[in-house]
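Q: my_file_19.txt (compact mmCIF, N, CA and C atoms) pasted underneath:
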```txt
# COMPACT_ATOMS: atom_id res chain seq x y z
N MET A 1 -15.85 21.54 8.43
CA MET A 1 -14.45 21.19 8.66
C MET A 1 -14.29 20.73 10.12
N ALA A 2 -13.50 19.67 10.33
CA ALA A 2 -13.28 19.12 11.66
C ALA A 2 -12.42 20.06 12.50
N GLU A 3 -12.67 20.01 13.79
CA GLU A 3 -11.85 20.79 14.72
C GLU A 3 -10.43 20.25 14.73
N PRO A 4 -9.43 21.13 14.83
CA PRO A 4 -8.05 20.64 14.88
C PRO A 4 -7.78 19.89 16.19
N LEU A 5 -6.88 18.95 16.14
CA LEU A 5 -6.45 18.19 17.31
C LEU A 5 -5.28 18.94 17.92
N HIS A 6 -5.39 19.29 19.19
CA HIS A 6 -4.32 20.01 19.88
C HIS A 6 -3.40 19.01 20.58
N LEU A 7 -2.09 19.11 20.31
CA LEU A 7 -1.10 18.24 20.92
C LEU A 7 -0.16 19.06 21.79
N LYS A 8 0.09 18.59 23.00
CA LYS A 8 1.09 19.22 23.85
C LYS A 8 2.45 18.69 23.43
N ILE A 9 3.38 19.62 23.15
CA ILE A 9 4.71 19.22 22.69
C ILE A 9 5.76 19.90 23.56
N ARG A 10 6.78 19.14 23.93
CA ARG A 10 7.91 19.69 24.66
C ARG A 10 9.14 19.53 23.77
N TYR A 11 9.80 20.63 23.48
CA TYR A 11 11.04 20.59 22.70
C TYR A 11 12.20 20.32 23.66
N LEU A 12 12.96 19.26 23.37
CA LEU A 12 14.07 18.86 24.21
C LEU A 12 15.38 19.45 23.71
N SER A 13 15.30 20.23 22.66
CA SER A 13 16.46 20.93 22.11
C SER A 13 15.99 22.28 21.61
N ASP A 14 16.75 23.31 21.91
CA ASP A 14 16.41 24.64 21.39
C ASP A 14 17.07 24.88 20.03
N ARG A 15 17.71 23.83 19.49
CA ARG A 15 18.41 23.96 18.21
C ARG A 15 17.60 23.42 17.04
N ILE A 16 16.50 22.71 17.32
CA ILE A 16 15.73 22.16 16.20
C ILE A 16 14.60 23.10 15.82
N GLU A 17 14.23 23.03 14.56
CA GLU A 17 13.11 23.84 14.08
C GLU A 17 11.82 23.32 14.69
N LYS A 18 10.90 24.21 14.97
CA LYS A 18 9.61 23.85 15.54
C LYS A 18 8.78 23.09 14.49
N LEU A 19 7.98 22.14 14.97
CA LEU A 19 7.12 21.38 14.08
C LEU A 19 5.97 22.25 13.58
N HIS A 20 5.56 21.97 12.36
CA HIS A 20 4.39 22.64 11.82
C HIS A 20 3.82 21.83 10.67
N ALA A 21 2.54 21.87 10.55
CA ALA A 21 1.89 21.25 9.39
C ALA A 21 2.06 22.19 8.22
N ILE A 22 2.21 21.63 7.04
CA ILE A 22 2.39 22.45 5.85
C ILE A 22 1.01 22.84 5.32
N GLU A 23 0.67 24.11 5.45
CA GLU A 23 -0.64 24.59 5.00
C GLU A 23 -0.81 24.41 3.51
N GLY A 24 -1.99 23.95 3.13
CA GLY A 24 -2.29 23.76 1.73
C GLY A 24 -1.61 22.56 1.10
N SER A 25 -0.93 21.78 1.93
CA SER A 25 -0.20 20.62 1.42
C SER A 25 -1.17 19.49 1.08
N LYS A 26 -0.79 18.70 0.10
CA LYS A 26 -1.59 17.53 -0.25
C LYS A 26 -1.37 16.40 0.75
N SER A 27 -0.36 16.51 1.58
CA SER A 27 -0.04 15.49 2.58
C SER A 27 -0.37 16.00 3.97
N ASP A 28 -0.86 15.11 4.81
CA ASP A 28 -1.11 15.50 6.19
C ASP A 28 -0.07 14.88 7.13
N TRP A 29 1.04 14.40 6.58
CA TRP A 29 2.16 13.92 7.37
C TRP A 29 3.01 15.12 7.77
N ILE A 30 3.62 15.05 8.96
CA ILE A 30 4.44 16.15 9.48
C ILE A 30 5.88 15.67 9.58
N ASP A 31 6.79 16.44 9.00
CA ASP A 31 8.21 16.06 9.00
C ASP A 31 8.81 16.19 10.39
N LEU A 32 9.70 15.23 10.70
CA LEU A 32 10.49 15.26 11.94
C LEU A 32 11.95 15.41 11.57
N ARG A 33 12.70 16.08 12.43
CA ARG A 33 14.08 16.44 12.13
C ARG A 33 15.05 15.83 13.13
N ALA A 34 16.26 15.56 12.66
CA ALA A 34 17.31 15.08 13.55
C ALA A 34 17.64 16.19 14.56
N ALA A 35 17.77 15.81 15.82
CA ALA A 35 18.03 16.78 16.88
C ALA A 35 19.53 16.96 17.15
N GLU A 36 20.35 16.24 16.37
CA GLU A 36 21.81 16.39 16.51
C GLU A 36 22.47 15.90 15.23
N ASP A 37 23.75 16.25 15.08
CA ASP A 37 24.54 15.71 13.97
C ASP A 37 24.85 14.25 14.27
N VAL A 38 24.72 13.40 13.26
CA VAL A 38 24.97 11.96 13.42
C VAL A 38 25.82 11.48 12.25
N THR A 39 26.92 10.79 12.56
CA THR A 39 27.74 10.14 11.55
C THR A 39 27.59 8.64 11.76
N MET A 40 27.30 7.93 10.66
CA MET A 40 27.11 6.48 10.75
C MET A 40 27.93 5.78 9.67
N LYS A 41 28.45 4.62 10.03
CA LYS A 41 29.16 3.76 9.08
C LYS A 41 28.18 2.73 8.54
N LYS A 42 28.44 2.23 7.35
CA LYS A 42 27.62 1.19 6.74
C LYS A 42 27.44 0.03 7.72
N GLY A 43 26.18 -0.41 7.91
CA GLY A 43 25.87 -1.53 8.80
C GLY A 43 25.62 -1.13 10.23
N GLU A 44 25.81 0.13 10.57
CA GLU A 44 25.62 0.59 11.95
C GLU A 44 24.15 0.88 12.22
N PHE A 45 23.71 0.51 13.43
CA PHE A 45 22.37 0.82 13.92
C PHE A 45 22.47 2.01 14.86
N ARG A 46 21.43 2.85 14.85
CA ARG A 46 21.41 4.02 15.74
C ARG A 46 19.98 4.47 15.99
N LEU A 47 19.72 4.92 17.20
CA LEU A 47 18.48 5.62 17.51
C LEU A 47 18.77 7.10 17.35
N ILE A 48 18.17 7.73 16.36
CA ILE A 48 18.42 9.15 16.12
C ILE A 48 17.37 9.95 16.91
N PRO A 49 17.82 10.83 17.80
CA PRO A 49 16.88 11.63 18.58
C PRO A 49 16.18 12.67 17.71
N LEU A 50 14.89 12.85 17.96
CA LEU A 50 14.09 13.79 17.19
C LEU A 50 13.80 15.07 17.98
N GLY A 51 14.24 15.14 19.23
CA GLY A 51 14.21 16.38 19.99
C GLY A 51 12.86 16.81 20.53
N ILE A 52 11.87 15.90 20.52
CA ILE A 52 10.55 16.26 21.01
C ILE A 52 9.98 15.16 21.91
N ALA A 53 9.11 15.57 22.80
CA ALA A 53 8.25 14.66 23.56
C ALA A 53 6.84 15.21 23.36
N VAL A 54 5.87 14.33 23.13
CA VAL A 54 4.51 14.75 22.80
C VAL A 54 3.52 13.99 23.66
N ALA A 55 2.53 14.70 24.18
CA ALA A 55 1.43 14.07 24.90
C ALA A 55 0.27 13.92 23.92
N LEU A 56 0.05 12.70 23.48
CA LEU A 56 -1.07 12.42 22.58
C LEU A 56 -2.34 12.23 23.40
N PRO A 57 -3.47 12.66 22.89
CA PRO A 57 -4.72 12.49 23.64
C PRO A 57 -5.08 11.00 23.78
N GLU A 58 -5.86 10.69 24.79
CA GLU A 58 -6.37 9.33 24.99
C GLU A 58 -7.06 8.88 23.71
N GLY A 59 -6.78 7.65 23.30
CA GLY A 59 -7.43 7.10 22.12
C GLY A 59 -6.70 7.38 20.81
N TYR A 60 -5.51 7.99 20.88
CA TYR A 60 -4.73 8.31 19.68
C TYR A 60 -3.33 7.72 19.78
N GLU A 61 -2.70 7.53 18.63
CA GLU A 61 -1.31 7.10 18.55
C GLU A 61 -0.66 7.80 17.37
N ALA A 62 0.66 7.88 17.40
CA ALA A 62 1.41 8.47 16.30
C ALA A 62 2.09 7.36 15.52
N HIS A 63 2.10 7.48 14.20
CA HIS A 63 2.78 6.54 13.31
C HIS A 63 3.96 7.26 12.67
N VAL A 64 5.16 6.71 12.88
CA VAL A 64 6.39 7.33 12.40
C VAL A 64 6.98 6.44 11.30
N VAL A 65 7.25 7.04 10.14
CA VAL A 65 7.81 6.32 9.00
C VAL A 65 8.88 7.19 8.34
N PRO A 66 9.75 6.58 7.51
CA PRO A 66 10.74 7.38 6.78
C PRO A 66 10.04 8.30 5.77
N ARG A 67 10.68 9.38 5.43
CA ARG A 67 10.23 10.20 4.31
C ARG A 67 10.59 9.46 3.02
N SER A 68 9.96 9.80 1.94
CA SER A 68 10.25 9.12 0.67
C SER A 68 11.70 9.32 0.24
N SER A 69 12.33 10.39 0.67
CA SER A 69 13.71 10.69 0.28
C SER A 69 14.75 10.22 1.29
N THR A 70 14.34 9.63 2.38
CA THR A 70 15.30 9.27 3.44
C THR A 70 16.36 8.30 2.95
N PHE A 71 15.95 7.26 2.23
CA PHE A 71 16.95 6.29 1.76
C PHE A 71 17.86 6.91 0.71
N LYS A 72 17.27 7.63 -0.24
CA LYS A 72 18.05 8.26 -1.31
C LYS A 72 19.06 9.26 -0.74
N ASN A 73 18.61 10.09 0.20
CA ASN A 73 19.48 11.15 0.73
C ASN A 73 20.50 10.66 1.75
N PHE A 74 20.12 9.67 2.57
CA PHE A 74 20.97 9.28 3.70
C PHE A 74 21.37 7.80 3.71
N GLY A 75 20.75 6.98 2.87
CA GLY A 75 21.05 5.55 2.87
C GLY A 75 20.58 4.85 4.13
N LEU A 76 19.52 5.37 4.73
CA LEU A 76 19.00 4.82 5.98
C LEU A 76 17.71 4.05 5.76
N ILE A 77 17.58 2.94 6.48
CA ILE A 77 16.34 2.17 6.52
C ILE A 77 15.85 2.18 7.96
N GLN A 78 14.59 2.49 8.18
CA GLN A 78 14.01 2.44 9.53
C GLN A 78 13.86 0.97 9.91
N THR A 79 14.50 0.57 11.00
CA THR A 79 14.60 -0.86 11.31
C THR A 79 13.27 -1.52 11.67
N ASN A 80 12.35 -0.80 12.25
CA ASN A 80 11.05 -1.40 12.53
C ASN A 80 10.05 -1.08 11.41
N HIS A 81 10.49 -0.36 10.41
CA HIS A 81 9.74 0.00 9.20
C HIS A 81 8.51 0.87 9.46
N TYR A 82 7.98 0.81 10.66
CA TYR A 82 6.77 1.57 10.98
C TYR A 82 6.73 1.71 12.49
N GLY A 83 6.97 2.90 12.98
CA GLY A 83 6.99 3.11 14.42
C GLY A 83 5.63 3.54 14.93
N VAL A 84 5.23 2.97 16.05
CA VAL A 84 3.96 3.34 16.70
C VAL A 84 4.29 3.89 18.08
N ILE A 85 3.84 5.10 18.33
CA ILE A 85 4.00 5.73 19.64
C ILE A 85 2.60 5.91 20.22
N ASP A 86 2.34 5.21 21.34
CA ASP A 86 0.99 5.32 21.89
C ASP A 86 0.92 6.45 22.92
N ASN A 87 -0.29 6.75 23.36
CA ASN A 87 -0.49 7.91 24.20
C ASN A 87 0.05 7.74 25.63
N SER A 88 0.52 6.53 26.00
CA SER A 88 1.12 6.36 27.32
C SER A 88 2.58 6.84 27.35
N TYR A 89 3.18 7.03 26.18
CA TYR A 89 4.57 7.50 26.08
C TYR A 89 4.51 9.03 26.02
N CYS A 90 4.31 9.65 27.18
CA CYS A 90 3.96 11.08 27.16
C CYS A 90 4.64 11.89 28.26
N GLY A 91 5.70 11.36 28.86
CA GLY A 91 6.39 12.10 29.91
C GLY A 91 7.32 13.16 29.37
N ASP A 92 7.77 14.02 30.28
CA ASP A 92 8.66 15.12 29.89
C ASP A 92 9.91 14.64 29.16
N ASN A 93 10.40 13.46 29.49
CA ASN A 93 11.64 12.96 28.88
C ASN A 93 11.41 11.77 27.97
N ASP A 94 10.17 11.53 27.55
CA ASP A 94 9.86 10.46 26.60
C ASP A 94 10.10 10.97 25.18
N GLN A 95 11.40 11.17 24.89
CA GLN A 95 11.79 11.70 23.59
C GLN A 95 11.48 10.71 22.47
N TRP A 96 11.04 11.24 21.36
CA TRP A 96 10.84 10.43 20.16
C TRP A 96 12.19 10.21 19.49
N PHE A 97 12.38 8.98 18.99
CA PHE A 97 13.57 8.60 18.25
C PHE A 97 13.12 7.88 16.98
N VAL A 98 14.02 7.78 16.02
CA VAL A 98 13.79 6.92 14.86
C VAL A 98 14.94 5.91 14.83
N PRO A 99 14.62 4.60 14.85
CA PRO A 99 15.66 3.58 14.81
C PRO A 99 16.06 3.29 13.36
N VAL A 100 17.34 3.46 13.04
CA VAL A 100 17.76 3.32 11.64
C VAL A 100 18.98 2.43 11.50
N LEU A 101 19.12 1.86 10.31
CA LEU A 101 20.27 1.07 9.91
C LEU A 101 20.87 1.75 8.69
N ALA A 102 22.18 2.02 8.76
CA ALA A 102 22.87 2.68 7.64
C ALA A 102 23.26 1.63 6.60
N MET A 103 22.83 1.84 5.38
CA MET A 103 23.18 0.94 4.27
C MET A 103 24.44 1.41 3.55
N ARG A 104 24.94 2.59 3.92
CA ARG A 104 26.21 3.12 3.43
C ARG A 104 26.72 4.10 4.48
N ASP A 105 27.95 4.52 4.40
CA ASP A 105 28.45 5.57 5.29
C ASP A 105 27.62 6.82 5.03
N THR A 106 27.24 7.51 6.09
CA THR A 106 26.34 8.66 5.91
C THR A 106 26.54 9.69 7.01
N GLN A 107 26.08 10.88 6.72
CA GLN A 107 26.12 12.00 7.66
C GLN A 107 24.74 12.63 7.71
N ILE A 108 24.17 12.71 8.90
CA ILE A 108 22.88 13.38 9.11
C ILE A 108 23.19 14.63 9.92
N ARG A 109 22.72 15.75 9.46
CA ARG A 109 22.98 17.01 10.14
C ARG A 109 21.78 17.43 10.99
N LEU A 110 22.06 18.20 12.02
CA LEU A 110 21.02 18.79 12.84
C LEU A 110 19.96 19.43 11.93
N ASN A 111 18.71 19.14 12.17
CA ASN A 111 17.56 19.67 11.44
C ASN A 111 17.31 19.04 10.08
N ASP A 112 18.09 18.02 9.69
CA ASP A 112 17.74 17.29 8.48
C ASP A 112 16.40 16.58 8.71
N ARG A 113 15.53 16.66 7.71
CA ARG A 113 14.23 15.97 7.79
C ARG A 113 14.46 14.51 7.44
N ILE A 114 14.33 13.64 8.45
CA ILE A 114 14.67 12.23 8.23
C ILE A 114 13.48 11.28 8.34
N CYS A 115 12.38 11.74 8.90
CA CYS A 115 11.20 10.88 8.98
C CYS A 115 9.97 11.78 9.09
N GLN A 116 8.81 11.16 9.19
CA GLN A 116 7.55 11.91 9.26
C GLN A 116 6.57 11.15 10.13
N PHE A 117 5.53 11.85 10.58
CA PHE A 117 4.52 11.18 11.40
C PHE A 117 3.14 11.72 11.10
N ARG A 118 2.16 10.94 11.52
CA ARG A 118 0.77 11.38 11.52
C ARG A 118 0.12 10.79 12.75
N VAL A 119 -0.98 11.36 13.17
CA VAL A 119 -1.72 10.90 14.35
C VAL A 119 -2.99 10.21 13.88
N GLU A 120 -3.24 9.05 14.45
CA GLU A 120 -4.41 8.24 14.08
C GLU A 120 -5.17 7.85 15.34
N LYS A 121 -6.46 7.60 15.17
CA LYS A 121 -7.23 7.02 16.27
C LYS A 121 -6.79 5.58 16.45
N LYS A 122 -6.76 5.14 17.70
CA LYS A 122 -6.40 3.76 17.98
C LYS A 122 -7.48 2.82 17.48
N GLN A 123 -7.06 1.61 17.20
CA GLN A 123 -8.00 0.57 16.77
C GLN A 123 -9.01 0.31 17.89
N PRO A 124 -10.27 0.10 17.55
CA PRO A 124 -11.25 -0.20 18.60
C PRO A 124 -10.98 -1.57 19.21
N GLU A 125 -11.59 -1.85 20.33
CA GLU A 125 -11.46 -3.17 20.94
C GLU A 125 -11.93 -4.22 19.94
N ILE A 126 -11.20 -5.30 19.86
CA ILE A 126 -11.50 -6.37 18.91
C ILE A 126 -11.91 -7.62 19.68
N VAL A 127 -12.98 -8.28 19.23
CA VAL A 127 -13.41 -9.56 19.75
C VAL A 127 -13.41 -10.54 18.59
N PHE A 128 -12.75 -11.67 18.74
CA PHE A 128 -12.70 -12.67 17.68
C PHE A 128 -13.80 -13.70 17.90
N ASP A 129 -14.67 -13.84 16.91
CA ASP A 129 -15.74 -14.82 16.94
C ASP A 129 -15.33 -16.00 16.06
N GLU A 130 -15.01 -17.12 16.70
CA GLU A 130 -14.54 -18.28 15.95
C GLU A 130 -15.71 -18.93 15.21
N VAL A 131 -15.45 -19.27 13.92
CA VAL A 131 -16.46 -19.92 13.08
C VAL A 131 -15.81 -21.11 12.38
N GLU A 132 -16.63 -22.00 11.88
CA GLU A 132 -16.15 -23.15 11.12
C GLU A 132 -15.85 -22.76 9.67
N HIS A 133 -16.59 -21.80 9.11
CA HIS A 133 -16.44 -21.37 7.73
C HIS A 133 -16.69 -19.88 7.63
N LEU A 134 -15.95 -19.22 6.73
CA LEU A 134 -16.20 -17.82 6.41
C LEU A 134 -17.15 -17.79 5.22
N SER A 135 -17.96 -16.77 5.11
CA SER A 135 -19.01 -16.77 4.09
C SER A 135 -18.55 -16.31 2.71
N ALA A 136 -17.37 -15.72 2.59
CA ALA A 136 -16.92 -15.18 1.31
C ALA A 136 -16.24 -16.26 0.47
N ALA A 137 -16.23 -16.06 -0.85
CA ALA A 137 -15.53 -16.96 -1.77
C ALA A 137 -14.03 -16.75 -1.64
N ASP A 138 -13.24 -17.81 -1.84
CA ASP A 138 -11.78 -17.70 -1.82
C ASP A 138 -11.30 -16.87 -3.01
N ARG A 139 -10.24 -16.08 -2.77
CA ARG A 139 -9.62 -15.30 -3.85
C ARG A 139 -8.53 -16.08 -4.56
N GLY A 140 -8.07 -17.16 -3.98
CA GLY A 140 -7.02 -17.94 -4.62
C GLY A 140 -5.73 -18.00 -3.84
N GLY A 141 -5.68 -17.41 -2.67
CA GLY A 141 -4.51 -17.48 -1.83
C GLY A 141 -3.55 -16.31 -2.00
N PHE A 142 -2.55 -16.27 -1.17
CA PHE A 142 -1.57 -15.19 -1.12
C PHE A 142 -0.85 -15.08 -2.46
N GLY A 143 -0.82 -13.89 -3.02
CA GLY A 143 -0.11 -13.64 -4.28
C GLY A 143 -0.84 -14.14 -5.50
N SER A 144 -2.13 -14.34 -5.40
CA SER A 144 -2.87 -14.96 -6.49
C SER A 144 -3.36 -13.99 -7.56
N THR A 145 -3.16 -12.70 -7.38
CA THR A 145 -3.69 -11.74 -8.37
C THR A 145 -2.78 -11.56 -9.57
N GLY A 146 -1.62 -12.20 -9.58
CA GLY A 146 -0.75 -12.14 -10.76
C GLY A 146 0.26 -11.02 -10.71
N ARG A 147 0.97 -10.86 -11.79
CA ARG A 147 2.04 -9.87 -11.88
C ARG A 147 1.62 -8.59 -12.58
N ASN A 148 0.67 -8.64 -13.48
CA ASN A 148 0.31 -7.46 -14.27
C ASN A 148 -1.00 -6.93 -13.82
```
As structure tokens, please, write out the structure in this file.
A:
Amino acid sequence: MAEPLHLKIRYLSDRIEKLHAIEGSKSDWIDLRAAEDVTMKKGEFRLIPLGIAVALPEGYEAHVVPRSSTFKNFGLIQTNHYGVIDNSYCGDNDQWFVPVLAMRDTQIRLNDRICQFRVEKKQPEIVFDEVEHLSAADRGGFGSTGRN
């Protein structure tokens, strides 16, 4: 079994529940909670504070996405659809937020689970080697696999 990754976390609110991985869970995503009550009108954009700042180790980044129930429960869409927090965003006041657009009038309460994250290794350095032809056969272009 791999050694656990230790993350330094600073809670910017004493009102939010502490983060924890769910033991025995089939998912390795960790839920994030709203750090305050938020009322939004349909069409409104808002950065919802998550009440934490985290120092990620060198070579790692966090990926923040909505929970599967976020739209159903709150009518929210994450505006960047996939948030990336790199390890340089690690100061005492570098609070994590989730940028959302309300698709209906909604109320988010303190400690509501509104998004989730996981930690990934950063992509290795990439070098592009330009060629005249790729060696693989064409698949048929974008959307070519059909509907069924």
Q: One decimal, in Å: what's the spacing between atom N of A:Arg67 and atom CA of A:Gly43?
A: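 Atom CA of A:Gly43 lies 19.0 Å from atom N of A:Arg67.
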Q: According to DSSP computed on the backbone, where in stretch 74-136 of chain A is there strand (DSSP E or B)? Give the residues as a PyMOL selection string.
A: chain A and resi 76-78+83-86+97-102+106-108+113-121
Q: Expressed in Å to a single decimal, how great is the separation between atom CA of A:Asp94 and atom CA of A:Glu3?
A: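 Computed distance, atom CA of A:Asp94 to atom CA of A:Glu3, equals 26.8 Å.
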Q: Between stretch 68-92 of chain A and stretch 111-131 of chain A, at 9 Å or less, what are the per-residue closest atom pairs and their distances in Å? Count only C-alpha atoms, order by chain and rising residue number, and return it as a Markdown table.
A:
```
| residue | atom | partner | partner_atom | distance |
| --- | --- | --- | --- | --- |
| A:Ser68 | CA | A:Cys115 | CA | 8.5 |
| A:Ser69 | CA | A:Ile114 | CA | 8.2 |
| A:Thr70 | CA | A:Ile114 | CA | 5.7 |
| A:Asn73 | CA | A:Ile114 | CA | 9.0 |
| A:Phe74 | CA | A:Ile114 | CA | 8.3 |
| A:Leu76 | CA | A:Ile114 | CA | 8.9 |
| A:Gln78 | CA | A:Cys115 | CA | 8.9 |
| A:Gly83 | CA | A:Phe117 | CA | 9.0 |
| A:Asp86 | CA | A:Lys122 | CA | 8.5 |
```
Q: Need to verify the contact set: A:Phe97, 6 Å, only C-alpha atoms, exclusion of same-chain residues closer than 6 positions in sequence. Can you return it as a list in words?
A: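 What passes the distance filter is Leu47, Ile48, Pro49 and Leu50 of chain A.
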Q: Name the residues of stretch 28-114 of chain A that fall into alpha helix (DSSP H) according to DSSP on the backbone, using the chain letters and numbers of this document, as a list of chain:residue names.
A: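 Those in stretch 28-114 of chain A that DSSP calls alpha helix (DSSP H) are A:Thr70, A:Phe71, A:Lys72, A:Asn73, A:Phe74.
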Q: For those residues, write N, CA and C atoms to a file as a tab-separated table (two decimals), in the frame of the given file.
A:
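The result, stored in part.tsv:
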```
chain	number	residue	atom	x	y	z
A	70	THR	N	14.34	9.63	2.38
A	70	THR	CA	15.30	9.27	3.44
A	70	THR	C	16.36	8.30	2.95
A	71	PHE	N	15.95	7.26	2.23
A	71	PHE	CA	16.95	6.29	1.76
A	71	PHE	C	17.86	6.91	0.71
A	72	LYS	N	17.27	7.63	-0.24
A	72	LYS	CA	18.05	8.26	-1.31
A	72	LYS	C	19.06	9.26	-0.74
A	73	ASN	N	18.61	10.09	0.20
A	73	ASN	CA	19.48	11.15	0.73
A	73	ASN	C	20.50	10.66	1.75
A	74	PHE	N	20.12	9.67	2.57
A	74	PHE	CA	20.97	9.28	3.70
A	74	PHE	C	21.37	7.80	3.71
```
Q: Name the closest residue to A:Gln107 among the candidates A:Ala53, A:Leu32, A:Leu19, A:Val38; distances are taken between atoms, counting all atoms listed in the file.
A: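 Looking at the shortest contact to A:Gln107, the residue is A:Val38.
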Q: Quick one: residues within 5 Å of stretch 10-16 of chain A, all atoms listed in the file, excluding same-chain residues fewer than 3 positions away - as a VMD selection string?
A: chain A and resid 51 to 54
Q: Neighbouring residues of A:Arg104 were defined as those with any atom within 6 Å, considering only N, CA and C atoms; residues of the same chain fewer than 6 positions away were excluded. Please report them as a list in words.
A: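 Once the nearby chain positions are removed, what remains is Met40, Lys41, Lys42, Gly43 and Gly75 of chain A.
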Q: Between atom N of A:His20 and atom C of A:Leu5, what is the distance, to one decimal in Å?
A: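 Answer for the atom N of A:His20 to atom C of A:Leu5 separation: 12.6 Å.
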Q: Which is closest to A:Glu58 among A:Thr39, A:Asn87, A:Pro99, A:Arg109, if we use all atoms listed in the file?
A: A:Asn87
Q: Give the centre and edge lengths of an axis-aligned box, in Å to one decimal, that holds all listed atoms of stretch 119-133 of chain A with 4 Å on each side, as JSON.
A:
```
{"center_x": -8.8, "center_y": -5.9, "center_z": 14.3, "size_x": 23.7, "size_y": 42.5, "size_z": 21.3}
```
Q: Select, from A:Leu101, A:Ile9, A:Thr145, A:Asn80, the residue with the minimum atom-to-atom distance to A:Glu44, counting all atoms listed in the file.
A: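 The answer is A:Leu101, which sits nearest to A:Glu44.
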Q: Kindly complete stretch 120-131 of chain A to N, CA, C and O atoms; the output should be written as a PDB file, keeping the file's coordinate frame.
A:
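Final output, part.pdb:
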```pdb
ATOM      1  N   GLU A 120      -3.240   9.050  14.450  1.00  0.00           N
ATOM      2  CA  GLU A 120      -4.410   8.240  14.080  1.00  0.00           C
ATOM      3  C   GLU A 120      -5.170   7.850  15.340  1.00  0.00           C
ATOM      4  O   GLU A 120      -4.574   7.718  16.414  1.00  0.00           O
ATOM      5  N   LYS A 121      -6.460   7.600  15.170  1.00  0.00           N
ATOM      6  CA  LYS A 121      -7.230   7.020  16.270  1.00  0.00           C
ATOM      7  C   LYS A 121      -6.790   5.580  16.450  1.00  0.00           C
ATOM      8  O   LYS A 121      -6.487   4.897  15.476  1.00  0.00           O
ATOM      9  N   LYS A 122      -6.760   5.140  17.700  1.00  0.00           N
ATOM     10  CA  LYS A 122      -6.400   3.760  17.980  1.00  0.00           C
ATOM     11  C   LYS A 122      -7.480   2.820  17.480  1.00  0.00           C
ATOM     12  O   LYS A 122      -8.657   3.189  17.378  1.00  0.00           O
ATOM     13  N   GLN A 123      -7.060   1.610  17.200  1.00  0.00           N
ATOM     14  CA  GLN A 123      -8.000   0.570  16.770  1.00  0.00           C
ATOM     15  C   GLN A 123      -9.010   0.310  17.890  1.00  0.00           C
ATOM     16  O   GLN A 123      -8.639   0.270  19.060  1.00  0.00           O
ATOM     17  N   PRO A 124     -10.270   0.100  17.550  1.00  0.00           N
ATOM     18  CA  PRO A 124     -11.250  -0.200  18.600  1.00  0.00           C
ATOM     19  C   PRO A 124     -10.980  -1.570  19.210  1.00  0.00           C
ATOM     20  O   PRO A 124     -10.224  -2.377  18.654  1.00  0.00           O
ATOM     21  N   GLU A 125     -11.590  -1.850  20.330  1.00  0.00           N
ATOM     22  CA  GLU A 125     -11.460  -3.170  20.940  1.00  0.00           C
ATOM     23  C   GLU A 125     -11.930  -4.220  19.940  1.00  0.00           C
ATOM     24  O   GLU A 125     -12.929  -4.031  19.250  1.00  0.00           O
ATOM     25  N   ILE A 126     -11.200  -5.300  19.860  1.00  0.00           N
ATOM     26  CA  ILE A 126     -11.500  -6.370  18.910  1.00  0.00           C
ATOM     27  C   ILE A 126     -11.910  -7.620  19.680  1.00  0.00           C
ATOM     28  O   ILE A 126     -11.275  -7.985  20.670  1.00  0.00           O
ATOM     29  N   VAL A 127     -12.980  -8.280  19.230  1.00  0.00           N
ATOM     30  CA  VAL A 127     -13.410  -9.560  19.750  1.00  0.00           C
ATOM     31  C   VAL A 127     -13.410 -10.540  18.590  1.00  0.00           C
ATOM     32  O   VAL A 127     -13.990 -10.251  17.536  1.00  0.00           O
ATOM     33  N   PHE A 128     -12.750 -11.670  18.740  1.00  0.00           N
ATOM     34  CA  PHE A 128     -12.700 -12.670  17.680  1.00  0.00           C
ATOM     35  C   PHE A 128     -13.800 -13.700  17.900  1.00  0.00           C
ATOM     36  O   PHE A 128     -13.869 -14.333  18.952  1.00  0.00           O
ATOM     37  N   ASP A 129     -14.670 -13.840  16.910  1.00  0.00           N
ATOM     38  CA  ASP A 129     -15.740 -14.820  16.940  1.00  0.00           C
ATOM     39  C   ASP A 129     -15.330 -16.000  16.060  1.00  0.00           C
ATOM     40  O   ASP A 129     -15.290 -15.878  14.832  1.00  0.00           O
ATOM     41  N   GLU A 130     -15.010 -17.120  16.700  1.00  0.00           N
ATOM     42  CA  GLU A 130     -14.540 -18.280  15.950  1.00  0.00           C
ATOM     43  C   GLU A 130     -15.710 -18.930  15.210  1.00  0.00           C
ATOM     44  O   GLU A 130     -16.798 -19.097  15.748  1.00  0.00           O
ATOM     45  N   VAL A 131     -15.450 -19.270  13.920  1.00  0.00           N
ATOM     46  CA  VAL A 131     -16.460 -19.920  13.080  1.00  0.00           C
ATOM     47  C   VAL A 131     -15.810 -21.110  12.380  1.00  0.00           C
ATOM     48  O   VAL A 131     -14.589 -21.201  12.266  1.00  0.00           O
TER      49      VAL A 131
END
```
